[in-house]
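Written out below as structure tokens is the structure these notes cover.
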Amino acid sequence: MPELIRVESLAKYFPIYSGIIQKIIGYVYAVEDATFAVNKGETLGLVGETGCGKTTVGKLIVKLIEPTKGRIIYNNYDVTKVHGSKLKEYRSKVQMVFQDPYASLNPRMIVRDMLFEVMKYHGIPKPIRYDHAVKLMERVGLSEEHLYRYPHELSGGQRQRVVIARALTVNPEFIVLDEPTASLDVSVQAQVLDLLKELQEKHGYTYLFITHNLAVVRYMATHVAVMYRGMIVEKAPTKILFSDSKHPYTQALLSSVPIPDPTIKRERIILKGEPPNPITPIKGCPFAHRCPYVFDKCLKEVPPSIKVDNGHEARCWLLEKR
Amino acid sequence: MVQRAQSRRIELELRLKDIKYAIWLLSRNKLIVLGFAIAIFYIVLAIIGPFVVDPKIAQRVDYLNQHKPPSWEHIFGTDDIGRDLLSMIILGARYDLWIAGVVVFLALSIGIVVGGISGYIGGRLDELFMRITDIFLAFPGLILAMAITEVLGRSFTNLMLALVIVWWSGYARIMRGQFLAEKEKPYVQAAKVLGIPAWRIVFRHILPNSIYPLLVVATLDVGGVMLTAAGLSFIGLGPSPFEPEWGQLAARGSNYIFQAPWEVLFPGLAILFASLGFNLVGDGLRDVLDPRLRR
Amino acid sequence: MDKLLEVKDLVVRFRTYRGIVKALNGVTFDVNRGEIIGLAGETGSGKTVTGFTIMRLLPPNAMIINGSILFNGIDLLKLDSKEMANIRGKKITAIFQDPHTYLNPVFRIGDQFIDILLHHMKNENKSKSEMKKDAWAQAVEMLREVGMPAPENVMRMYPHELSGGMKQRVMIAMAFSLRPELIIADEPTTALDVSIQAQVLEIMKEMQKKYNTSVIFITHDLGVIAEVARRVAVMYAGRIIEFGRVEDVFKEPLHPYTQGLLFALPRVDKDVKPQSIGGTVPDLVNPPKGCAFHPRCKYVMDICRESVPNFIEIGPEHYVACHLYTGNKGGIKNA
């Protein structure tokens, strides 16, 4: 499968302003040196806890915000600084499904008008718009009557389907999904995940699946990247990440997810302390202060992404020792 | 497949459903129903006033009928120039409602534009606009209005101008806050990612969702403007005595408060009930517009 | 085991614009002393309403139609507001999902904490400042117990200076400080990151064991319930449809809904394909006739459409409300 999108050493620092003259007094280091690639038709799961920078990566890829450093390459074309008509073209290929379906829909528009609006600005001629809208509804498992509903008249699962339908209006190739099932009930979540998989099989969409839910990632993703404090600390194909992870953070994360089976007893690695504040610049490995295997070098130098195996890398000085 | 005509009908049904829900919500609270009734009554009065009462009696001085107490002939009594007070109050409805309506509308327009641009563009422009707004907000409203009318001269239009200048800054602040908040919301960001042009996002997405708190404040302000205008007339900065503005009437009537209390009482009550009515409408609007989104 | 709480046939309705919402339709379960019970369910199942009803903290448009809540033998529904206020906070207390409902942002942690302690302290002929000192020391001790680093410093901080995990620890410390007999925890860890959630659950388990407090743990996360609870009650459309020990319910779920719920979960420890249940959650203004789950049930029989199945005991401490097990005898025609 050829590579569809690649991200190289992507970084994003948000300046913190103060006072009337808007002086810069510091930065929020949201994303630091992120590098990964996604092949066509596959799903990369981007996992991490609150504040790790995964949502920011998503926003960088759909160009809601501009990167401070690094490059984004889409279909062998450097889109890092793209704007104007090229940006519009990019927008018809790369779309985003946001986290909270209620907040990502205009509360004062009915579904039909939302879809019509997108179609209008992507050059879909008036006469076929209605038919196109009905087909989109059916594709996501809704019906024509849902076109006439306001967001507050739909259930959580239906809203999420509308958000997906809206993203599909432009017929994209690559979709960034930011916690698409986080606010849904378990039974509805299964339906939406099935829908996403089905769409991928039928139409060949490529996904970047951002979530903090490791169980969902195991089901949905072909590859996984784990983020901590703005950095990707481990990347691997899904099966390998869940069976043979190398980074201490990944291991701790996997062991702390509650399993709905009381007969399984595990060795749970309970981390001490809290995730670091992204305002303080990095010195050494960002995970050093909570790592059970920390040694001298970890506190002084930031580990690079070290290759473990084909497609498996991790940022940990432990790997150098071998 | 639904035909074009059918889809229009479905839309109409939807709108009707919304209106029915809004009316149901409003009718739960008796006070709000009362407020609406009062407001509608005053508006009707303002419209039909000159047809019910001959406006020329406002100009006529009748020395024989001065200071007459309430009677069957003059239900509210007469004022110091001998005019029937009831007629004056009916005619005055136009003036006060007109002042309140125009002032609020203009102040709202200026405030929306300034606040909207400020909130949307942000950065240094925002800081600049907000400092200017703060300067206007810092002045006590009445004092500023007095200063402006003194400088420009006593007249109906100058009174309104002064009030607009005093009032716009409050709306600008609210609008800016709303814009800032809505701008970061996911549905706006989603619209950006979907390739919808910026101007359309501002007018079709951000604006309609930011404007509702402003409308609520505006209805409440209708009462407030009326009171302020009446106050200014009271100190003598309003229109001439031959224009039956309520504040005017109350001002002159206050000179005879012990001999002829009805001359200040009835215009005062007219102002009181008008602002009360619109205040309650504002309350009702707030109830309708907010929980609607949380239905 | 000794029964601390017995809820029987609780029926609660809400008056709303769309009509009367039948939130609880005959909830029955019990809690033993020192036991953690999981109350599981999705949105609209009635789990939060159940918790609030036990605390008698329902909104004004709520109507308690029927049922009894026996706490140490006393029916809480028959108490007046003063008697209930005595029990609330001291004997029964609550922990919520959002620490903002518990912590006032304009007061320091320490001040809020001793406020609670002083309110319930017995007047021991000490001066006010002495009592304050006692309360302060007690609070610091509780914070230390929940593993808070530098508790004396934390007492002087404001809520916004603490992270989410730390705020939940404060809440746990406050809840246990009065040594209640029952704690109702409504989604206490749902908003926390996985690694912090693990920490907080550990603390809760430790404290619960130490003080022998019973806990009703309300959540939609079945993984968390499997971790902390001894027994679990699964709710659907305002009724408990299965109740039993976690090993029994999770390994051999009896009710089709419980089965559906467990099969819908993706797993971190093995490769599974989540199965969706199909259909939608019932409208509580117009719930389906008979068993509320029948429109979505793949084992549906004629009787399911007609009568609500009784809650009957199938195995030791294992109850279920389903016609597959009632042998077509136990059913109430449309409660």
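Labels for the structure tokens follow display order: chains A, B, ..., residues from 1 in each chain, ligands from 1.
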
Do a neighbour search on segment 162-165 of chain A at 10 Å with only C-alpha atoms, toss out local chain neighbours closer than 5 positions, and write the hits as JSON, numbers by chain.
{"A": [95, 96, 97, 98, 99, 100, 101, 102, 104, 105, 111, 112, 114, 115, 133, 135, 136, 137, 138, 139, 140, 141, 142, 146, 147, 151, 154, 156, 157, 170, 171, 175, 177, 180, 192, 195, 196], "B": [190]}

Any chance you can output those residues with N, CA and C atoms as a short mmCIF file (atom, residue, chain, number, x, y, z; two decimals), in the first residue's frame?
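File written: again-v2.cif
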data_model
loop_
_atom_site.label_atom_id
_atom_site.label_comp_id
_atom_site.auth_asym_id
_atom_site.auth_seq_id
_atom_site.Cartn_x
_atom_site.Cartn_y
_atom_site.Cartn_z
N GLN A 95 -10.44 15.60 5.46
CA GLN A 95 -11.52 16.12 6.30
C GLN A 95 -11.37 15.69 7.74
N MET A 96 -12.20 16.25 8.60
CA MET A 96 -12.10 15.94 10.03
C MET A 96 -13.46 15.67 10.64
N VAL A 97 -13.51 14.66 11.50
CA VAL A 97 -14.71 14.40 12.29
C VAL A 97 -14.36 14.77 13.72
N PHE A 98 -15.09 15.73 14.28
CA PHE A 98 -14.72 16.27 15.57
C PHE A 98 -15.24 15.46 16.73
N GLN A 99 -14.73 15.81 17.90
CA GLN A 99 -14.99 15.04 19.09
C GLN A 99 -16.43 15.06 19.57
N ASP A 100 -16.98 16.23 19.80
CA ASP A 100 -18.30 16.29 20.39
C ASP A 100 -19.31 16.59 19.30
N PRO A 101 -20.11 15.61 18.90
CA PRO A 101 -20.99 15.85 17.76
C PRO A 101 -21.97 16.98 18.01
N TYR A 102 -22.38 17.19 19.25
CA TYR A 102 -23.33 18.25 19.52
C TYR A 102 -22.68 19.61 19.27
N SER A 104 -20.11 20.23 17.37
CA SER A 104 -19.59 20.49 16.03
C SER A 104 -20.68 20.67 14.99
N LEU A 105 -21.94 20.76 15.43
CA LEU A 105 -23.01 21.08 14.50
C LEU A 105 -23.64 22.40 14.92
N VAL A 111 -30.11 19.61 9.20
CA VAL A 111 -29.08 18.78 8.56
C VAL A 111 -28.98 19.05 7.06
N ARG A 112 -30.13 19.15 6.42
CA ARG A 112 -30.13 19.36 4.96
C ARG A 112 -29.33 20.61 4.59
N MET A 114 -27.00 22.08 6.29
CA MET A 114 -25.56 21.91 6.55
C MET A 114 -24.90 21.25 5.35
N LEU A 115 -25.53 20.19 4.84
CA LEU A 115 -24.93 19.48 3.72
C LEU A 115 -24.95 20.36 2.47
N ALA A 133 -27.63 14.57 -1.04
CA ALA A 133 -27.84 14.60 0.42
C ALA A 133 -28.53 13.33 0.89
N LYS A 135 -28.51 10.44 -0.53
CA LYS A 135 -27.58 9.30 -0.63
C LYS A 135 -26.60 9.30 0.53
N LEU A 136 -26.12 10.49 0.91
CA LEU A 136 -25.19 10.57 2.04
C LEU A 136 -25.84 10.05 3.32
N MET A 137 -27.10 10.42 3.53
CA MET A 137 -27.82 9.97 4.71
C MET A 137 -27.87 8.45 4.73
N GLU A 138 -28.20 7.88 3.58
CA GLU A 138 -28.33 6.43 3.53
C GLU A 138 -26.99 5.75 3.76
N ARG A 139 -25.94 6.39 3.25
CA ARG A 139 -24.61 5.79 3.42
C ARG A 139 -24.22 5.66 4.88
N VAL A 140 -24.68 6.61 5.70
CA VAL A 140 -24.32 6.51 7.11
C VAL A 140 -25.41 5.87 7.95
N GLY A 141 -26.38 5.29 7.29
CA GLY A 141 -27.40 4.56 8.04
C GLY A 141 -28.53 5.43 8.58
N LEU A 142 -28.72 6.60 8.01
CA LEU A 142 -29.86 7.44 8.40
C LEU A 142 -30.84 7.50 7.23
N HIS A 146 -34.30 12.54 8.35
CA HIS A 146 -33.32 13.13 9.26
C HIS A 146 -32.74 14.42 8.71
N LEU A 147 -32.91 14.64 7.40
CA LEU A 147 -32.42 15.87 6.81
C LEU A 147 -33.10 17.09 7.40
N PRO A 151 -29.97 19.62 15.27
CA PRO A 151 -29.10 18.74 16.07
C PRO A 151 -29.72 18.31 17.38
N LEU A 154 -31.81 15.09 17.50
CA LEU A 154 -31.21 13.80 17.16
C LEU A 154 -30.54 13.19 18.38
N GLY A 156 -27.42 11.00 20.27
CA GLY A 156 -25.96 11.12 20.16
C GLY A 156 -25.41 10.37 18.97
N GLY A 157 -25.87 9.13 18.80
CA GLY A 157 -25.36 8.32 17.69
C GLY A 157 -25.75 8.91 16.35
N VAL A 170 -17.66 15.95 0.61
CA VAL A 170 -16.68 16.39 -0.38
C VAL A 170 -15.96 15.22 -1.03
N ASN A 171 -16.30 14.01 -0.62
CA ASN A 171 -15.65 12.80 -1.12
C ASN A 171 -14.14 12.82 -0.86
N ILE A 175 -9.35 10.96 6.33
CA ILE A 175 -10.21 11.56 7.36
C ILE A 175 -9.55 11.47 8.73
N LEU A 177 -10.17 11.51 12.54
CA LEU A 177 -11.30 11.31 13.46
C LEU A 177 -10.81 11.56 14.87
N PRO A 180 -14.14 10.04 17.91
CA PRO A 180 -15.50 10.03 17.35
C PRO A 180 -16.52 9.29 18.20
N VAL A 192 -21.25 2.80 15.41
CA VAL A 192 -20.49 3.81 14.68
C VAL A 192 -19.15 3.26 14.21
N LEU A 195 -19.71 1.20 11.22
CA LEU A 195 -19.96 2.06 10.07
C LEU A 195 -18.65 2.56 9.49
N LEU A 196 -17.75 3.02 10.37
CA LEU A 196 -16.48 3.55 9.89
C LEU A 196 -15.68 2.48 9.17
N ALA B 190 -15.22 23.29 12.42
CA ALA B 190 -15.64 22.30 11.43
C ALA B 190 -15.96 22.99 10.11
#

Residues of chain A that approach chain C to 7 Å or less, counting only C-alpha atoms: could you list each one with the shortest pair of atoms and its distance in Å to one decimal, rows by chain and increasing residue number, as a tab-separated table?
residue	atom	partner	partner_atom	distance
A:Glu49	CA	C:Asp193	CA	5.8
A:Thr50	CA	C:Asp193	CA	6.6
A:Asp185	CA	C:Glu42	CA	5.9
A:Val186	CA	C:Ala264	CA	6.5
A:Ser187	CA	C:Ser276	CA	5.4
A:Val188	CA	C:Ser276	CA	6.9
A:Ala190	CA	C:Ser276	CA	4.9
A:Gln191	CA	C:Ser276	CA	5.3
A:Leu214	CA	C:Val268	CA	6.1
A:Ala215	CA	C:Val268	CA	4.2
A:Val216	CA	C:Pro266	CA	5.7
A:Arg218	CA	C:Val268	CA	6.5
A:Tyr219	CA	C:Pro266	CA	6.6
A:Leu253	CA	C:Ser195	CA	6.3
A:Ser256	CA	C:Ala198	CA	5.8
A:Val257	CA	C:Val194	CA	6.2
A:Pro258	CA	C:Gly223	CA	4.6
A:Ile259	CA	C:Gly223	CA	4.4
A:Pro260	CA	C:Gly223	CA	3.8
A:Asp261	CA	C:Ala226	CA	5.9
A:Pro262	CA	C:Ala226	CA	4.9
A:Thr263	CA	C:Glu247	CA	6.7
A:Ile270	CA	C:Gln199	CA	6.4
A:Leu271	CA	C:Ser195	CA	6.7

Print the selection's residues with C-alpha atoms to a file, as a JSON list (two decimals), in the first residue's frame.
[["chain", "number", "residue", "atom", "x", "y", "z"],
["A", 49, "GLU", "CA", -3.95, 11.05, 27.58],
["A", 50, "THR", "CA", -5.26, 14.58, 27.97],
["A", 185, "ASP", "CA", -22.94, 4.88, 24.78],
["A", 186, "VAL", "CA", -21.28, 1.50, 24.43],
["A", 187, "SER", "CA", -23.97, -0.02, 22.21],
["A", 188, "VAL", "CA", -24.02, 3.00, 19.92],
["A", 190, "ALA", "CA", -20.17, -0.38, 18.32],
["A", 191, "GLN", "CA", -22.54, 0.74, 15.56],
["A", 214, "LEU", "CA", -6.93, 1.73, 23.86],
["A", 215, "ALA", "CA", -9.54, -0.98, 23.39],
["A", 216, "VAL", "CA", -11.13, 0.91, 20.50],
["A", 218, "ARG", "CA", -6.95, -2.23, 19.07],
["A", 219, "TYR", "CA", -10.09, -2.90, 17.04],
["A", 253, "LEU", "CA", -0.96, 2.58, 29.95],
["A", 256, "SER", "CA", -4.06, 0.45, 33.74],
["A", 257, "VAL", "CA", -7.00, 0.03, 31.35],
["A", 258, "PRO", "CA", -9.80, -1.70, 33.31],
["A", 259, "ILE", "CA", -10.84, -5.01, 31.78],
["A", 260, "PRO", "CA", -14.47, -6.15, 31.98],
["A", 261, "ASP", "CA", -13.52, -9.59, 33.24],
["A", 262, "PRO", "CA", -13.14, -9.96, 37.00],
["A", 263, "THR", "CA", -11.40, -13.31, 36.68],
["A", 270, "ILE", "CA", 0.32, 2.27, 38.66],
["A", 271, "LEU", "CA", 2.24, 5.40, 37.78]]

With the cut-off set at 9 Å and counting only C-alpha atoms, tabulate each residue of chain B with an atom at most that distance from an atom of chain C, showing the nearest atom pair and its distance in Å to one decimal, ordered by chain and increasing number, as CSV.
residue,atom,partner,partner_atom,distance
B:Tyr21,CA,C:Tyr17,CA,8.9
B:Trp24,CA,C:Tyr17,CA,8.8
B:Leu25,CA,C:Tyr17,CA,8.7

Export of prior selection with C-alpha atoms as an mmCIF file, in the first residue's frame:
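Generated file (result08.cif):
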data_model
loop_
_atom_site.group_PDB
_atom_site.id
_atom_site.type_symbol
_atom_site.label_atom_id
_atom_site.label_comp_id
_atom_site.auth_asym_id
_atom_site.auth_seq_id
_atom_site.Cartn_x
_atom_site.Cartn_y
_atom_site.Cartn_z
ATOM 1 C CA TYR B 21 -42.879 25.326 21.764
ATOM 2 C CA TRP B 24 -45.837 27.092 25.434
ATOM 3 C CA LEU B 25 -42.677 27.979 27.355
#

With a cut-off of 8 Å and counting only C-alpha atoms, select all residues of chain B in contact with chain A and give the selection as a PyMOL selection string.
chain B and resi 10-11+123-124+127+185-190+192-197+205+209+293-295

Keeping N, CA and C atoms, export the residues of the selection given above as a CSV table (one decimal), in the first residue's frame.
chain,number,residue,atom,x,y,z
B,10,ILE,N,-42.6,20.8,4.7
B,10,ILE,CA,-42.0,20.2,5.9
B,10,ILE,C,-41.2,21.3,6.7
B,11,GLU,N,-40.6,22.2,6.0
B,11,GLU,CA,-39.9,23.3,6.7
B,11,GLU,C,-40.8,24.2,7.4
B,123,GLY,N,-6.4,40.3,18.5
B,123,GLY,CA,-5.0,40.9,18.5
B,123,GLY,C,-5.0,42.4,18.9
B,124,ARG,N,-4.2,43.1,18.2
B,124,ARG,CA,-4.0,44.5,18.5
B,124,ARG,C,-5.3,45.4,18.2
B,127,GLU,N,-7.6,45.0,21.0
B,127,GLU,CA,-7.2,45.8,22.2
B,127,GLU,C,-7.6,47.2,22.0
B,185,LYS,N,-15.5,27.6,19.0
B,185,LYS,CA,-16.3,26.4,19.1
B,185,LYS,C,-16.2,25.4,18.0
B,186,PRO,N,-16.3,24.2,18.2
B,186,PRO,CA,-16.1,23.1,17.2
B,186,PRO,C,-16.9,23.3,15.9
B,187,TYR,N,-18.1,23.8,16.0
B,187,TYR,CA,-18.9,23.9,14.7
B,187,TYR,C,-18.3,25.0,13.8
B,188,VAL,N,-17.7,26.0,14.4
B,188,VAL,CA,-17.0,27.0,13.6
B,188,VAL,C,-15.8,26.4,13.0
B,189,GLN,N,-15.0,25.7,13.8
B,189,GLN,CA,-13.8,25.1,13.3
B,189,GLN,C,-14.1,24.0,12.2
B,190,ALA,N,-15.2,23.3,12.4
B,190,ALA,CA,-15.6,22.3,11.4
B,190,ALA,C,-16.0,23.0,10.1
B,192,LYS,N,-14.7,25.7,9.0
B,192,LYS,CA,-13.4,26.1,8.3
B,192,LYS,C,-12.8,24.9,7.6
B,193,VAL,N,-12.8,23.8,8.3
B,193,VAL,CA,-12.2,22.6,7.7
B,193,VAL,C,-13.0,22.1,6.5
B,194,LEU,N,-14.3,22.4,6.5
B,194,LEU,CA,-15.1,21.9,5.3
B,194,LEU,C,-14.9,22.9,4.1
B,195,GLY,N,-14.1,23.9,4.3
B,195,GLY,CA,-13.8,24.8,3.2
B,195,GLY,C,-14.8,25.9,3.0
B,196,ILE,N,-15.6,26.2,4.0
B,196,ILE,CA,-16.6,27.3,3.9
B,196,ILE,C,-15.9,28.6,4.1
B,197,PRO,N,-16.1,29.6,3.2
B,197,PRO,CA,-15.3,30.9,3.2
B,197,PRO,C,-15.6,31.6,4.5
B,205,HIS,N,-22.9,31.5,10.6
B,205,HIS,CA,-22.7,30.7,11.8
B,205,HIS,C,-22.5,31.4,13.1
B,209,ASN,N,-25.6,32.9,16.2
B,209,ASN,CA,-25.4,32.2,17.5
B,209,ASN,C,-24.9,33.2,18.6
B,293,LEU,N,-32.1,25.5,23.4
B,293,LEU,CA,-31.0,24.7,22.9
B,293,LEU,C,-30.7,23.5,23.7
B,294,ARG,N,-31.3,23.5,24.9
B,294,ARG,CA,-31.1,22.3,25.8
B,294,ARG,C,-32.3,21.4,25.8
B,295,ARG,N,-33.2,21.5,24.9
B,295,ARG,CA,-34.5,20.9,25.0
B,295,ARG,C,-34.3,19.4,25.2

Distance query Pro261 of chain B at most 12 Å, only C-alpha atoms, self and fewer than 2 positions along chain excluded, as a PyMOL selection string
chain B and resi 67-70+76-80+250-259+263-268
